[in-house]
Structure formats: C-alpha cells, structure tokens
$ cat query-v9.txt   # compact mmCIF, C-alpha atoms and all ligand atoms
# COMPACT_ATOMS: atom_id res chain seq x y z
CA MET M 14 0.00 0.00 0.00
CA LYS M 15 1.26 3.50 -0.87
CA ALA M 16 1.75 6.12 1.85
CA PRO M 17 -1.25 8.49 2.20
CA VAL M 18 -1.15 11.85 0.42
CA ARG M 19 -2.69 15.05 1.74
CA VAL M 20 -5.49 16.63 -0.29
CA ALA M 21 -6.65 20.08 0.83
CA VAL M 22 -10.08 21.19 -0.40
CA THR M 23 -11.28 24.74 0.16
CA GLY M 24 -15.00 25.50 0.25
CA SER M 25 -15.57 21.96 1.50
CA ALA M 26 -18.97 22.85 2.94
CA GLY M 27 -20.22 24.23 -0.40
CA GLN M 28 -22.05 22.48 -3.19
CA VAL M 29 -19.06 21.67 -5.43
CA GLY M 30 -17.12 20.57 -2.34
CA TYR M 31 -19.93 18.25 -1.31
CA SER M 32 -19.92 16.53 -4.71
CA LEU M 33 -16.14 16.36 -4.86
CA LEU M 34 -15.05 14.96 -1.51
CA PHE M 35 -16.75 11.58 -1.86
CA LEU M 36 -15.16 11.05 -5.27
CA ILE M 37 -11.69 11.81 -3.92
CA ALA M 38 -12.16 9.56 -0.90
CA SER M 39 -13.34 6.68 -3.08
CA GLY M 40 -10.15 6.80 -5.18
CA GLU M 41 -11.59 8.31 -8.37
CA MET M 42 -9.01 11.09 -8.44
CA LEU M 43 -5.68 9.52 -7.56
CA GLY M 44 -6.36 5.83 -8.08
CA LYS M 45 -7.76 2.92 -6.13
CA ASP M 46 -4.35 2.20 -4.60
CA GLN M 47 -3.70 5.71 -3.24
CA PRO M 48 -4.76 6.40 0.37
CA VAL M 49 -5.67 10.03 1.12
CA ILE M 50 -5.94 12.37 4.07
CA LEU M 51 -8.55 15.08 3.43
CA GLN M 52 -7.77 18.54 4.83
CA LEU M 53 -11.02 20.51 4.70
CA LEU M 54 -11.15 24.31 4.77
CA ASP M 55 -14.14 26.61 4.98
CA ILE M 56 -14.98 29.89 6.68
CA THR M 57 -15.84 30.06 10.39
CA PRO M 58 -19.67 30.22 9.98
CA SER M 59 -19.53 27.01 7.91
CA LEU M 60 -17.60 24.97 10.47
CA ASP M 61 -20.72 23.17 11.73
CA ALA M 62 -21.68 22.20 8.19
CA LEU M 63 -18.10 21.07 7.63
CA LYS M 64 -18.37 18.82 10.68
CA GLY M 65 -21.47 17.22 9.15
CA VAL M 66 -19.66 16.61 5.86
CA ALA M 67 -16.75 15.00 7.74
CA MET M 68 -19.21 12.76 9.61
CA GLU M 69 -20.75 11.63 6.33
CA LEU M 70 -17.34 10.88 4.87
CA GLU M 71 -16.55 8.78 7.93
CA ASP M 72 -19.87 6.95 7.55
CA CYS M 73 -18.82 5.72 4.09
CA ALA M 74 -16.00 3.67 5.65
CA PHE M 75 -13.88 4.36 2.57
CA PRO M 76 -10.88 2.00 2.61
CA LEU M 77 -8.62 4.72 1.17
CA LEU M 78 -9.60 7.51 3.58
CA LYS M 79 -6.93 7.64 6.26
CA GLY M 80 -7.83 10.88 8.01
CA ILE M 81 -9.87 14.09 7.90
CA THR M 82 -8.93 17.48 9.31
CA ARG M 83 -11.24 20.52 9.45
CA SER M 84 -10.22 24.12 9.76
CA ASP M 85 -11.12 27.74 9.07
CA LYS M 86 -7.42 28.66 8.73
CA ALA M 87 -5.66 28.24 5.40
CA GLU M 88 -2.26 27.67 7.05
CA GLN M 89 -3.68 24.66 8.88
CA ALA M 90 -5.59 23.21 5.93
CA PHE M 91 -2.62 23.54 3.54
CA GLN M 92 -0.01 22.12 5.91
CA ASP M 93 2.14 19.70 3.87
CA ALA M 94 -0.63 19.47 1.25
CA ASP M 95 0.33 17.44 -1.83
CA TYR M 96 -2.77 18.64 -3.65
CA ALA M 97 -4.82 21.81 -3.13
CA LEU M 98 -8.23 22.14 -4.74
CA LEU M 99 -9.22 25.79 -4.47
CA VAL M 100 -13.00 25.69 -4.72
CA GLY M 101 -14.06 28.00 -1.88
CA ALA M 102 -15.34 31.26 -3.37
CA LYS M 103 -18.61 33.00 -4.09
CA PRO M 104 -20.54 31.63 -7.10
CA ARG M 105 -22.22 33.96 -9.62
CA GLY M 106 -25.97 34.38 -9.91
CA PRO M 107 -28.21 34.94 -12.96
CA GLY M 108 -27.16 37.80 -15.24
CA MET M 109 -23.57 37.98 -13.93
CA GLU M 110 -20.34 37.25 -15.79
CA ARG M 111 -17.73 35.27 -13.85
CA LYS M 112 -15.33 38.22 -13.83
CA ASP M 113 -17.95 40.18 -11.82
CA LEU M 114 -16.83 37.95 -8.94
CA LEU M 115 -13.30 39.40 -8.86
CA ASP M 116 -14.22 41.95 -6.20
CA ALA M 117 -15.60 39.27 -3.90
CA ASN M 118 -13.10 36.48 -4.56
CA ALA M 119 -9.69 37.84 -5.53
CA ALA M 120 -8.57 38.49 -1.95
CA ILE M 121 -9.30 34.85 -1.03
CA PHE M 122 -6.76 33.66 -3.60
CA GLN M 123 -4.17 36.19 -2.49
CA ALA M 124 -4.36 34.90 1.10
CA GLN M 125 -4.43 31.27 -0.02
CA GLY M 126 -1.44 31.74 -2.35
CA LYS M 127 0.54 33.08 0.60
CA ALA M 128 -0.55 30.21 2.82
CA LEU M 129 0.39 27.61 0.18
CA ASN M 130 3.76 29.29 -0.19
CA ALA M 131 4.32 29.05 3.55
CA VAL M 132 3.20 25.53 4.41
CA ALA M 133 2.30 23.29 1.44
CA SER M 134 4.52 20.55 0.02
CA ARG M 135 7.07 22.04 -2.41
CA ASN M 136 5.53 19.76 -5.09
CA VAL M 137 1.94 20.71 -4.36
CA ARG M 138 -0.40 20.58 -7.34
CA VAL M 139 -3.02 23.30 -7.24
CA ILE M 140 -6.21 23.73 -9.23
CA ALA M 141 -8.22 26.95 -9.03
CA VAL M 142 -11.93 26.26 -9.45
CA GLY M 143 -13.51 29.28 -7.71
CA ASN M 144 -14.35 31.94 -10.27
CA PRO M 145 -13.01 33.70 -12.17
CA ALA M 146 -10.77 30.63 -12.07
CA ASN M 147 -7.99 31.68 -14.46
CA THR M 148 -7.31 35.03 -12.83
CA ASN M 149 -7.68 33.54 -9.35
CA ALA M 150 -5.00 30.99 -10.27
CA LEU M 151 -2.74 33.85 -11.34
CA ILE M 152 -3.31 35.66 -8.04
CA ALA M 153 -2.52 32.52 -6.02
CA GLN M 154 0.56 31.70 -8.09
CA ARG M 155 2.01 35.21 -7.91
CA ASN M 156 1.56 35.20 -4.13
CA ALA M 157 3.51 31.94 -3.84
CA PRO M 158 6.97 32.92 -5.13
CA ASP M 159 8.71 29.92 -3.55
CA LEU M 160 6.61 27.41 -5.46
CA GLU M 161 7.25 26.53 -9.09
CA PRO M 162 4.69 28.12 -11.46
CA HIS M 163 4.11 24.58 -12.78
CA CYS M 164 2.41 23.80 -9.43
CA PHE M 165 -0.58 25.98 -10.42
CA THR M 166 -3.42 25.39 -12.87
CA ALA M 167 -7.02 26.52 -13.35
CA MET M 168 -9.95 24.43 -14.49
CA THR M 169 -11.26 24.50 -18.07
CA ARG M 170 -11.87 20.75 -18.10
CA LEU M 171 -15.59 21.31 -17.56
CA ASP M 172 -15.69 23.37 -20.76
CA HIS M 173 -13.68 20.65 -22.53
CA ASN M 174 -16.14 17.99 -21.36
CA ARG M 175 -19.10 20.17 -22.34
CA ALA M 176 -17.64 20.56 -25.83
CA LEU M 177 -17.11 16.79 -26.14
CA ALA M 178 -20.73 16.16 -25.16
CA GLN M 179 -22.14 18.71 -27.63
CA LEU M 180 -20.04 17.33 -30.48
CA ALA M 181 -20.92 13.72 -29.64
CA ASN M 182 -24.65 14.58 -29.57
CA ARG M 183 -24.46 16.32 -32.91
CA THR M 184 -22.56 13.56 -34.69
CA GLY M 185 -24.22 10.63 -32.93
CA CYS M 186 -20.93 9.28 -31.65
CA ASP M 187 -19.61 8.45 -28.22
CA THR M 188 -17.47 11.05 -26.41
CA THR M 189 -14.67 8.46 -26.26
CA GLN M 190 -14.47 8.48 -30.06
CA ILE M 191 -13.46 12.17 -30.13
CA HIS M 192 -9.77 13.07 -29.91
CA GLY M 193 -7.83 16.29 -30.31
CA LEU M 194 -10.41 18.81 -29.12
CA THR M 195 -9.11 21.99 -27.46
CA VAL M 196 -10.64 24.72 -25.33
CA TRP M 197 -8.49 27.85 -25.61
CA GLY M 198 -8.39 30.81 -23.25
CA ASN M 199 -10.44 31.90 -20.28
CA HIS M 200 -13.13 29.98 -18.36
CA SER M 201 -15.65 32.60 -19.39
CA SER M 202 -18.07 33.46 -22.16
CA THR M 203 -15.08 34.25 -24.43
CA LEU M 204 -13.60 30.73 -24.25
CA TYR M 205 -13.01 29.10 -27.63
CA PRO M 206 -13.83 25.41 -28.12
CA ASP M 207 -11.85 24.43 -31.20
CA VAL M 208 -12.51 21.32 -33.31
CA SER M 209 -9.96 22.17 -36.05
CA HIS M 210 -7.68 19.33 -35.00
CA ALA M 211 -10.36 17.00 -33.68
CA LEU M 212 -10.91 13.53 -35.08
CA ILE M 213 -14.15 11.65 -34.59
CA ASP M 214 -13.58 7.95 -34.96
CA GLY M 215 -10.51 8.81 -37.05
CA LYS M 216 -12.32 11.28 -39.38
CA ALA M 217 -11.75 15.05 -39.32
CA ALA M 218 -14.52 16.71 -37.28
CA HIS M 219 -14.62 19.52 -39.86
CA ASP M 220 -15.85 17.01 -42.45
CA LEU M 221 -18.67 15.84 -40.18
CA VAL M 222 -20.16 19.11 -38.92
CA ASP M 223 -20.81 22.27 -40.89
CA ARG M 224 -19.15 25.60 -40.16
CA ALA M 225 -22.47 27.40 -39.59
CA TRP M 226 -23.37 24.97 -36.78
CA LEU M 227 -19.94 25.41 -35.24
CA ALA M 228 -20.04 29.21 -35.32
CA ASN M 229 -23.71 29.77 -34.48
CA GLU M 230 -24.60 26.91 -32.17
CA PHE M 231 -21.68 24.86 -30.86
CA ILE M 232 -19.33 27.66 -29.78
CA PRO M 233 -22.04 29.81 -28.11
CA ALA M 234 -23.58 26.74 -26.42
CA VAL M 235 -20.27 25.80 -24.77
CA GLN M 236 -19.49 29.43 -23.90
CA GLN M 237 -22.91 29.91 -22.28
CA ARG M 238 -23.38 26.48 -20.70
CA GLY M 239 -22.60 27.64 -17.17
CA ALA M 240 -25.16 30.46 -17.45
CA THR M 241 -27.73 28.10 -18.98
CA ILE M 242 -27.33 25.75 -16.02
CA ILE M 243 -27.71 28.60 -13.53
CA LYS M 244 -30.95 29.61 -15.27
CA ALA M 245 -32.30 26.06 -15.18
CA ARG M 246 -31.12 24.99 -11.71
CA GLY M 247 -31.14 28.30 -9.88
CA GLN M 248 -27.59 27.46 -8.77
CA SER M 249 -24.34 26.97 -10.63
CA SER M 250 -23.11 23.57 -11.74
CA ALA M 251 -21.84 21.33 -8.96
CA GLY M 252 -21.85 17.63 -9.89
CA SER M 253 -20.40 18.24 -13.35
CA ALA M 254 -17.86 20.68 -11.92
CA ALA M 255 -16.73 18.11 -9.34
CA CYS M 256 -16.38 15.39 -11.99
CA SER M 257 -14.26 17.73 -14.09
CA VAL M 258 -11.99 18.51 -11.14
CA ILE M 259 -11.48 14.76 -10.78
CA ASP M 260 -10.69 14.41 -14.51
CA HIS M 261 -8.24 17.34 -14.44
CA MET M 262 -6.33 16.14 -11.38
CA ARG M 263 -6.34 12.44 -12.37
CA ASP M 264 -4.92 13.18 -15.81
CA TRP M 265 -2.35 15.61 -14.42
CA VAL M 266 -1.12 13.10 -11.85
CA LEU M 267 -1.62 9.76 -13.61
CA GLY M 268 -1.12 10.93 -17.22
CA THR M 269 -3.20 11.66 -20.32
CA PRO M 270 -3.94 8.91 -22.86
CA ALA M 271 -1.13 8.51 -25.43
CA ASP M 272 -3.41 9.38 -28.38
CA ASP M 273 -5.10 12.47 -26.95
CA TRP M 274 -4.71 15.68 -25.03
CA VAL M 275 -6.88 17.62 -22.57
CA SER M 276 -7.57 21.32 -21.96
CA MET M 277 -5.90 22.84 -18.90
CA SER M 278 -5.42 26.46 -17.94
CA VAL M 279 -1.73 26.96 -17.23
CA LEU M 280 0.65 29.88 -17.03
CA SER M 281 1.29 30.98 -20.60
CA ASP M 282 4.90 30.67 -21.70
CA GLY M 283 4.17 32.45 -24.97
CA SER M 284 3.07 29.28 -26.81
CA TYR M 285 0.87 30.04 -29.85
CA GLY M 286 1.76 33.72 -29.48
CA ILE M 287 -0.35 34.10 -26.32
CA ALA M 288 0.98 36.75 -23.93
CA GLU M 289 3.09 35.39 -21.10
CA GLY M 290 1.88 35.76 -17.53
CA VAL M 291 -1.81 34.85 -17.80
CA PHE M 292 -3.43 31.49 -17.05
CA TYR M 293 -4.71 30.46 -20.47
CA SER M 294 -6.35 27.19 -21.48
CA PHE M 295 -4.11 25.21 -23.84
CA PRO M 296 -4.08 21.66 -25.18
CA CYS M 297 -1.91 19.78 -22.67
CA ARG M 298 -0.41 16.33 -22.33
CA CYS M 299 0.65 15.05 -18.93
CA SER M 300 3.13 12.42 -17.87
CA ASN M 301 5.14 11.77 -14.71
CA GLY M 302 2.96 14.31 -12.90
CA ARG M 303 3.89 17.22 -15.18
CA TYR M 304 1.94 18.95 -17.90
CA GLU M 305 3.34 20.08 -21.25
CA ILE M 306 1.58 22.36 -23.72
CA VAL M 307 1.06 20.53 -27.03
CA GLN M 308 3.09 22.39 -29.64
CA GLY M 309 2.89 22.84 -33.38
CA LEU M 310 -0.87 22.90 -34.04
CA GLU M 311 -1.84 25.01 -37.04
CA ILE M 312 -4.03 27.97 -36.19
CA ASP M 313 -6.29 29.39 -38.92
CA GLU M 314 -7.73 32.89 -39.05
CA PHE M 315 -11.09 31.89 -37.55
CA SER M 316 -9.34 30.37 -34.52
CA ARG M 317 -6.79 33.17 -34.14
CA GLU M 318 -9.50 35.81 -33.89
CA ARG M 319 -11.24 33.92 -31.08
CA MET M 320 -7.99 33.01 -29.28
CA THR M 321 -7.01 36.68 -29.26
CA ALA M 322 -10.39 37.84 -27.92
CA THR M 323 -10.21 35.50 -24.92
CA GLU M 324 -6.52 36.40 -24.36
CA GLN M 325 -7.49 40.08 -24.27
CA GLU M 326 -10.12 39.40 -21.63
CA LEU M 327 -7.49 37.71 -19.45
CA LEU M 328 -5.14 40.66 -19.86
CA ASP M 329 -7.97 43.01 -18.84
CA GLU M 330 -8.77 40.87 -15.77
CA ARG M 331 -5.06 40.90 -14.86
CA ASP M 332 -5.08 44.71 -14.97
CA VAL M 333 -8.03 44.81 -12.58
CA VAL M 334 -6.14 42.75 -9.97
CA SER M 335 -2.69 44.19 -10.56
CA HIS M 336 -2.60 45.48 -6.96
CA LEU M 337 -2.75 41.84 -5.76
CA LEU M 338 0.13 40.66 -7.96
CA PRO M 339 3.50 41.17 -6.28
P1 LIG M 401 -21.01 27.48 -2.69
O1 LIG M 401 -21.45 28.85 -2.29
O2 LIG M 401 -22.01 26.35 -2.62
O3 LIG M 401 -19.77 27.04 -1.82
C1 LIG M 401 -18.66 27.87 -1.66
C2 LIG M 401 -18.04 27.50 -0.32
O4 LIG M 401 -16.83 28.23 -0.20
C3 LIG M 401 -18.93 27.88 0.87
O5 LIG M 401 -19.00 26.78 1.76
C4 LIG M 401 -18.19 29.04 1.47
O6 LIG M 401 -18.39 29.16 2.87
C5 LIG M 401 -16.75 28.69 1.11
N1 LIG M 401 -15.81 29.80 1.21
C6 LIG M 401 -16.02 31.11 0.97
N2 LIG M 401 -14.90 31.81 1.23
C7 LIG M 401 -13.96 30.92 1.60
C8 LIG M 401 -12.61 31.03 2.01
N3 LIG M 401 -12.00 32.23 2.09
N4 LIG M 401 -11.95 29.92 2.35
C9 LIG M 401 -12.56 28.72 2.29
N5 LIG M 401 -13.84 28.55 1.95
C10 LIG M 401 -14.53 29.64 1.59
O7 LIG M 401 -20.41 27.60 -4.15
P2 LIG M 401 -20.10 26.41 -5.18
O8 LIG M 401 -21.28 26.22 -6.04
O9 LIG M 401 -19.53 25.27 -4.43
O10 LIG M 401 -18.99 27.10 -6.10
C11 LIG M 401 -17.72 27.41 -5.58
C12 LIG M 401 -16.93 28.21 -6.63
O11 LIG M 401 -16.62 27.37 -7.74
C13 LIG M 401 -17.70 29.41 -7.22
O12 LIG M 401 -16.81 30.50 -7.38
C14 LIG M 401 -18.17 28.89 -8.55
O13 LIG M 401 -18.41 29.94 -9.47
C15 LIG M 401 -16.96 28.06 -8.94
N6 LIG M 401 -17.17 27.06 -10.00
C16 LIG M 401 -16.23 26.98 -10.97
C17 LIG M 401 -16.34 26.04 -11.98
C18 LIG M 401 -15.29 25.95 -13.07
O14 LIG M 401 -15.54 25.26 -14.09
N7 LIG M 401 -14.11 26.55 -12.94
C19 LIG M 401 -17.43 25.18 -11.99
C20 LIG M 401 -18.39 25.28 -10.97
C21 LIG M 401 -18.24 26.22 -9.95
C1 LIG M 402 -19.67 26.73 -14.69
O1 LIG M 402 -19.06 26.87 -15.74
O2 LIG M 402 -20.68 26.01 -14.59
C2 LIG M 402 -19.17 27.44 -13.45
O3 LIG M 402 -18.06 28.23 -13.75
C3 LIG M 402 -20.23 28.21 -12.76
C4 LIG M 402 -20.63 29.44 -13.53
O4 LIG M 402 -20.65 30.53 -12.94
O5 LIG M 402 -20.94 29.32 -14.71

$ encode --input "query-v9.txt" --output "structure tokens"
Amino acid sequence: MKAPVRVAVTGSAGQVGYSLLFLIASGEMLGKDQPVILQLLDITPSLDALKGVAMELEDCAFPLLKGITRSDKAEQAFQDADYALLVGAKPRGPGMERKDLLDANAAIFQAQGKALNAVASRNVRVIAVGNPANTNALIAQRNAPDLEPHCFTAMTRLDHNRALAQLANRTGCDTTQIHGLTVWGNHSSTLYPDVSHALIDGKAAHDLVDRAWLANEFIPAVQQRGATIIKARGQSSAGSAACSVIDHMRDWVLGTPADDWVSMSVLSDGSYGIAEGVFYSFPCRCSNGRYEIVQGLEIDEFSRERMTATEQELLDERDVVSHLLP
C-alpha cells in the first residue's frame, strides 16, 4: 500500500465541495491504490456544516480515507498538502459574468497563495476552481513565489467535457471516439472550443459538422453552458464541476492517454503567441505528474480571432487585480 497523500479542499462545505469529496475519498481522483488524508477548509460560519460533511465521509468507511482534518485557517488546511483544490469562493448568480466575482473572490486567492507558499509541500499541485478561475490561479501563483509556477493550474476541463458532449450529440458518436479537441483561453463566455484538430472515430470533425453549426450553435452553447445551467437549476453547476476537477487532477497526476490531449489552464509561456503571464487554457499532455503544452498545431484565421479575444479578456482581468500581484 502506498503512503497516504494530503489533499486540501477549500469550500468543503459548499455544493461543489460536497460533490467532490466523496469522489476523492473513493479513489476516483488519484487511483484505487492511493490512500488520502482530506484537509477541509471553509470559513468560520460554515464549520458546523463542515463537521457534518466529515461525519458523512466517515460513515462511508472508505478503505482509502486515512484521516480528515477541518479548519477555518488556510495555514492549517494547507499544511504539507500534496494537492490543493481551491474551490471556496462565491458563485455567480443569474445575469452575472464570472469576472464580476473578482471583487468578492480575488482576496481569497491572495491569502491562499501566501498560505500555500508558507506551508504546502514544495511539489503541491493546485487547481483553481472558484471563479473567475484563471485570474484567481494567477493571483494565487504570484503570491507563492517559492513554489514553481508549474504547481498551479485553473480548471477549463468542464468546458472541454461540455464541448465533447455537444459534439458527440451532434454527430451521434460516443465522447470516447473524439480526440484532439481543445478549449483555448479563459473559463468565461469568451472561451473558444476548437474542433480544427479533432478527429471523430478517425475522421476530421470539420468534415462531419458544418461551419455554420460550429459558429452559431456549438461555440455559443459551450461558452454559455454555465449560465444556462444557472438559469435552469437556480444554482451553478456542482456535480459536473466536481467530476471535471477529478478528470483534471487524475490526468495531471496519472497521465493523459497517449493518443489524446486535454484542456488545462496553465501559465502561458508564450506558446501560440499568447501573452506570457496569464493562465490560459491550452491543449496539454501530462506524464510523470507534469503537464506540457502541445506544440505545433496550425491555427487558422477563424481560430486566431477567437484566441485573441479571450486572451485580451485575461489581460484586462489581470489589470483589474494588478494590486494583488506582487
Ligand atoms: P457554494 O457557495 O455552494 O460554496 C462555496 C463555499 O466556499 C462555501 O461553503 C463558502 O463558505 C466557502 N468559502 C467562501 N470563502 C472561503 C474562504 N476564504 N476559504 C474557504 N472557503 C470559503 O459555491 P459552489 O457552487 O460550491 O462554487 C464554488 C466556486 O466554484 C464558485 O466561485 C463557482 O463559481 C466556482 N465554479 C467553478 C467552476 C469551473 O468550471 N471553474 C465550476 C463550478 C463552480
Ligand atoms: C460553470 O461553468 O458552470 C461554473 O463556472 C459556474 C458558472 O458561474 O458558470
């Protein structure tokens, strides 16, 4: 049996947290042979609810769950953390864009970046889920100067999975038959789901779906899916978000399939001409616990225009939080 690893989850008393914790404890994230210690963080008024969640986790008698800690202090929850899932933040309501949450949420990621810097494992792997996720990841990363930038990511896997589902529905195939799909940019209504390099059962996606459907239905549907769910449910996505966190972390840690890539928001190194210093969603392959941006994909004019628009939004968001970026 492997030694247990420490998984810190912020916002553990919230709705994404509630969907996520049971999946982690059952081995869906790190494998059925990897014991875990869950280090739960929420704010002081949620500590009673957090106690209830911990009791429920205990009641599952998960063979892999070797301990649970609860705290309202980031320095305690992140102590020696091997993984940090930054979920705790205010969700948006109807009619809001995710970047409207910057005022409410940015300071959380500044404080948590500092706490990770102080006490987490030097190899901690961090995913920012709380919105606006990309810019929150940037804030956390910039406030953790002693950790490698490669430790930090933000989640666009939900958008990737949404795009797979829309394309599979349209073409009558299974999501597993689609390879080479990319979501570029920000987790926002400017994100760009790109099928230019996608193969569906070995055939070019572009030969199976028409351009008008892509431009007028597919792209807006993926961009607006979060808002559509809020309208229907009255609350933002939770179960699908939690499953995507699991997918993102599992693939990062255990590796992506040899014949495919996934979409992850990572610190831009200038790949594809995207400005350095923003967390941008790229096609990524992972092995040995590290991600690499897939290089060399051809970008046509249609894609470039959309990739630039979402890049610009990230640069604008970065300007808004510049006072939090040391
Ligand atoms: P929620 O309101 O149900 O839960 C949020 C939890 O975070 C609450 O328990 C709250 O007390 C806690 N919290 C607030 N401030 C905190 C802090 N400083 N430290 C620790 N915990 C804190 O919200 P939710 O539906 O679980 O969503 C959480 C966040 O995830 C939102 O910002 C939402 O927009 C975002 N989200 C992102 C994606 C994505 O694809 N990136 C998907 C779904 C949700
Ligand atoms: C989502 O994409 O479902 C989440 O980011 C929640 C939201 O605000 O849309």

$ residues_near_ligand --input "query-v9.txt" --ligand "ligand LIG 402 (chain M)" --cutoff "6 Å" --atoms "only C-alpha atoms and all ligand atoms" --output "list in words"
Pro104, Arg105, Arg111, Gly239, Ala240, Ser249 and Ser250 of chain M

$ write_last_selection --input "query-v9.txt" --atoms "C-alpha atoms" --output "PDB file, in the frame of the given file"
ATOM      1  CA  PRO M 104     -20.540  31.630  -7.100  1.00  0.00           C
ATOM      2  CA  ARG M 105     -22.220  33.960  -9.620  1.00  0.00           C
ATOM      3  CA  ARG M 111     -17.730  35.270 -13.850  1.00  0.00           C
ATOM      4  CA  GLY M 239     -22.600  27.640 -17.170  1.00  0.00           C
ATOM      5  CA  ALA M 240     -25.160  30.460 -17.450  1.00  0.00           C
ATOM      6  CA  SER M 249     -24.340  26.970 -10.630  1.00  0.00           C
ATOM      7  CA  SER M 250     -23.110  23.570 -11.740  1.00  0.00           C
TER       8      SER M 250
END

$ closest_residue --input "query-v9.txt" --among "M:Ala228, M:Cys299, M:Ile81, M:Ala271" --to "M:Phe315" --atoms "all atoms listed in the file"
M:Ala228

$ residues_near_ligand --input "query-v9.txt" --ligand "ligand LIG 401 (chain M)" --cutoff "6 Å" --atoms "all atoms listed in the file" --output "PyMOL selection string"
chain M and resi 23-30+54-56+59+100-105+121+142-144+146+168-169+171+249-251+254

$ closest_residue --input "query-v9.txt" --among "M:Ala38, M:Cys256, M:Leu204, M:Ile232" --to "M:Cys73" --atoms "all atoms listed in the file"
M:Ala38

$ residues_around --input "query-v9.txt" --residues "M:Gln89" --least-positions-apart "4" --cutoff "10 Å" --atoms "all atoms listed in the file" --output "count of residues only"
13

$ atom_distance --input "query-v9.txt" --atom1 "atom CA of M:Arg175" --atom2 "atom CA of M:Arg238"
7.8 Å

$ atom_distance --input "query-v9.txt" --atom1 "atom CA of M:Val196" --atom2 "atom CA of M:Leu328"
17.7 Å

$ atom_distance --input "query-v9.txt" --atom1 "atom CA of M:Leu60" --atom2 "atom CA of M:Leu34"
15.8 Å

$ closest_residue --input "query-v9.txt" --among "M:Thr241, M:Thr195, M:Gln179, M:Ser201" --to "M:Pro145" --atoms "all atoms listed in the file"
M:Ser201

$ closest_atom_pairs --input "query-v9.txt" --of "stretch 198-314 of chain M" --to "stretch 159-163 of chain M" --cutoff "12 Å" --atoms "all atoms listed in the file" --output "tab-separated table"
residue	atom	partner	partner_atom	distance
M:Trp265	CA	M:His163	CA	11.2
M:Met277	CA	M:His163	CA	11.9
M:Ser278	CA	M:His163	CA	11.0
M:Val279	CA	M:His163	CA	7.7
M:Leu280	CA	M:Pro162	CA	7.1
M:Ser281	CA	M:Pro162	CA	10.2
M:Asp282	CA	M:Pro162	CA	10.6
M:Gly290	CA	M:Pro162	CA	10.2
M:Val291	CA	M:Pro162	CA	11.3
M:Phe292	CA	M:Pro162	CA	10.4
M:Cys299	CA	M:His163	CA	11.9
M:Gly302	CA	M:His163	CA	10.3
M:Arg303	CA	M:His163	CA	7.7
M:Tyr304	CA	M:His163	CA	7.9
M:Glu305	CA	M:His163	CA	9.6
M:Ile306	CA	M:His163	CA	11.4

$ closest_residue --input "query-v9.txt" --among "M:Ser32, M:Cys297, M:Leu177, M:Gly106" --to "M:Thr189" --atoms "all atoms listed in the file"
M:Leu177

$ closest_residue --input "query-v9.txt" --among "M:Ala157, M:Cys186, M:Met262, M:Ala178" --to "M:Gly40" --atoms "only C-alpha atoms"
M:Met262

$ closest_residue --input "query-v9.txt" --among "M:Leu43, M:Ala16, M:Ala141, M:Val333" --to "M:Ala97" --atoms "all atoms listed in the file"
M:Ala141

$ axis_aligned_box --input "query-v9.txt" --around "stretch 264-275 of chain M" --padding-each-side "5 Å" --output "AutoDock Vina command-line options"
--center_x -4.0 --center_y 13.1 --center_z -20.1 --size_x 15.8 --size_y 19.1 --size_z 26.5

$ residues_around --input "query-v9.txt" --residues "M:Arg319" --least-positions-apart "3" --cutoff "10 Å" --atoms "all atoms listed in the file" --output "mmCIF file with C-alpha atoms, in the coordinates of the input"
data_model
loop_
_atom_site.group_PDB
_atom_site.id
_atom_site.type_symbol
_atom_site.label_atom_id
_atom_site.label_comp_id
_atom_site.auth_asym_id
_atom_site.auth_seq_id
_atom_site.Cartn_x
_atom_site.Cartn_y
_atom_site.Cartn_z
ATOM 1 C CA TRP M 197 -8.490 27.850 -25.610
ATOM 2 C CA GLY M 198 -8.390 30.810 -23.250
ATOM 3 C CA THR M 203 -15.080 34.250 -24.430
ATOM 4 C CA LEU M 204 -13.600 30.730 -24.250
ATOM 5 C CA TYR M 205 -13.010 29.100 -27.630
ATOM 6 C CA PRO M 206 -13.830 25.410 -28.120
ATOM 7 C CA ASP M 207 -11.850 24.430 -31.200
ATOM 8 C CA GLU M 314 -7.730 32.890 -39.050
ATOM 9 C CA PHE M 315 -11.090 31.890 -37.550
ATOM 10 C CA SER M 316 -9.340 30.370 -34.520
ATOM 11 C CA ALA M 322 -10.390 37.840 -27.920
ATOM 12 C CA THR M 323 -10.210 35.500 -24.920
ATOM 13 C CA GLU M 324 -6.520 36.400 -24.360
ATOM 14 C CA GLN M 325 -7.490 40.080 -24.270
#

$ build_atoms --input "query-v9.txt" --residues "stretch 167-171 of chain M" --atoms "all heavy atoms" --output "short mmCIF file (atom, residue, chain, number, x, y, z; two decimals), in the frame of the given file"
data_model
loop_
_atom_site.label_atom_id
_atom_site.label_comp_id
_atom_site.auth_asym_id
_atom_site.auth_seq_id
_atom_site.Cartn_x
_atom_site.Cartn_y
_atom_site.Cartn_z
N ALA M 167 -5.60 26.19 -13.57
CA ALA M 167 -7.02 26.52 -13.35
C ALA M 167 -7.85 25.58 -14.21
O ALA M 167 -7.35 24.99 -15.18
CB ALA M 167 -7.30 27.97 -13.73
N MET M 168 -9.13 25.46 -13.86
CA MET M 168 -9.95 24.43 -14.49
C MET M 168 -10.71 24.94 -15.73
O MET M 168 -11.55 25.82 -15.62
CB MET M 168 -10.96 23.87 -13.50
CG MET M 168 -11.75 22.72 -14.12
SD MET M 168 -12.58 21.69 -12.92
CE MET M 168 -14.16 22.49 -12.82
N THR M 169 -10.40 24.36 -16.88
CA THR M 169 -11.26 24.50 -18.07
C THR M 169 -11.68 23.11 -18.56
O THR M 169 -12.18 22.97 -19.67
CB THR M 169 -10.55 25.29 -19.19
OG1 THR M 169 -9.14 25.10 -19.11
CG2 THR M 169 -10.85 26.76 -19.12
N ARG M 170 -11.49 22.10 -17.72
CA ARG M 170 -11.87 20.75 -18.10
C ARG M 170 -13.40 20.61 -18.22
O ARG M 170 -13.89 19.83 -19.04
CB ARG M 170 -11.33 19.75 -17.08
CG ARG M 170 -11.57 18.29 -17.46
CD ARG M 170 -10.91 17.93 -18.81
NE ARG M 170 -11.02 16.53 -19.11
CZ ARG M 170 -10.13 15.60 -18.79
NH1 ARG M 170 -9.01 15.94 -18.15
NH2 ARG M 170 -10.31 14.34 -19.12
N LEU M 171 -14.13 21.38 -17.43
CA LEU M 171 -15.59 21.31 -17.56
C LEU M 171 -16.01 21.81 -18.94
O LEU M 171 -16.87 21.21 -19.59
CB LEU M 171 -16.24 22.15 -16.43
CG LEU M 171 -17.76 22.24 -16.41
CD1 LEU M 171 -18.42 20.86 -16.41
CD2 LEU M 171 -18.21 23.02 -15.16
#
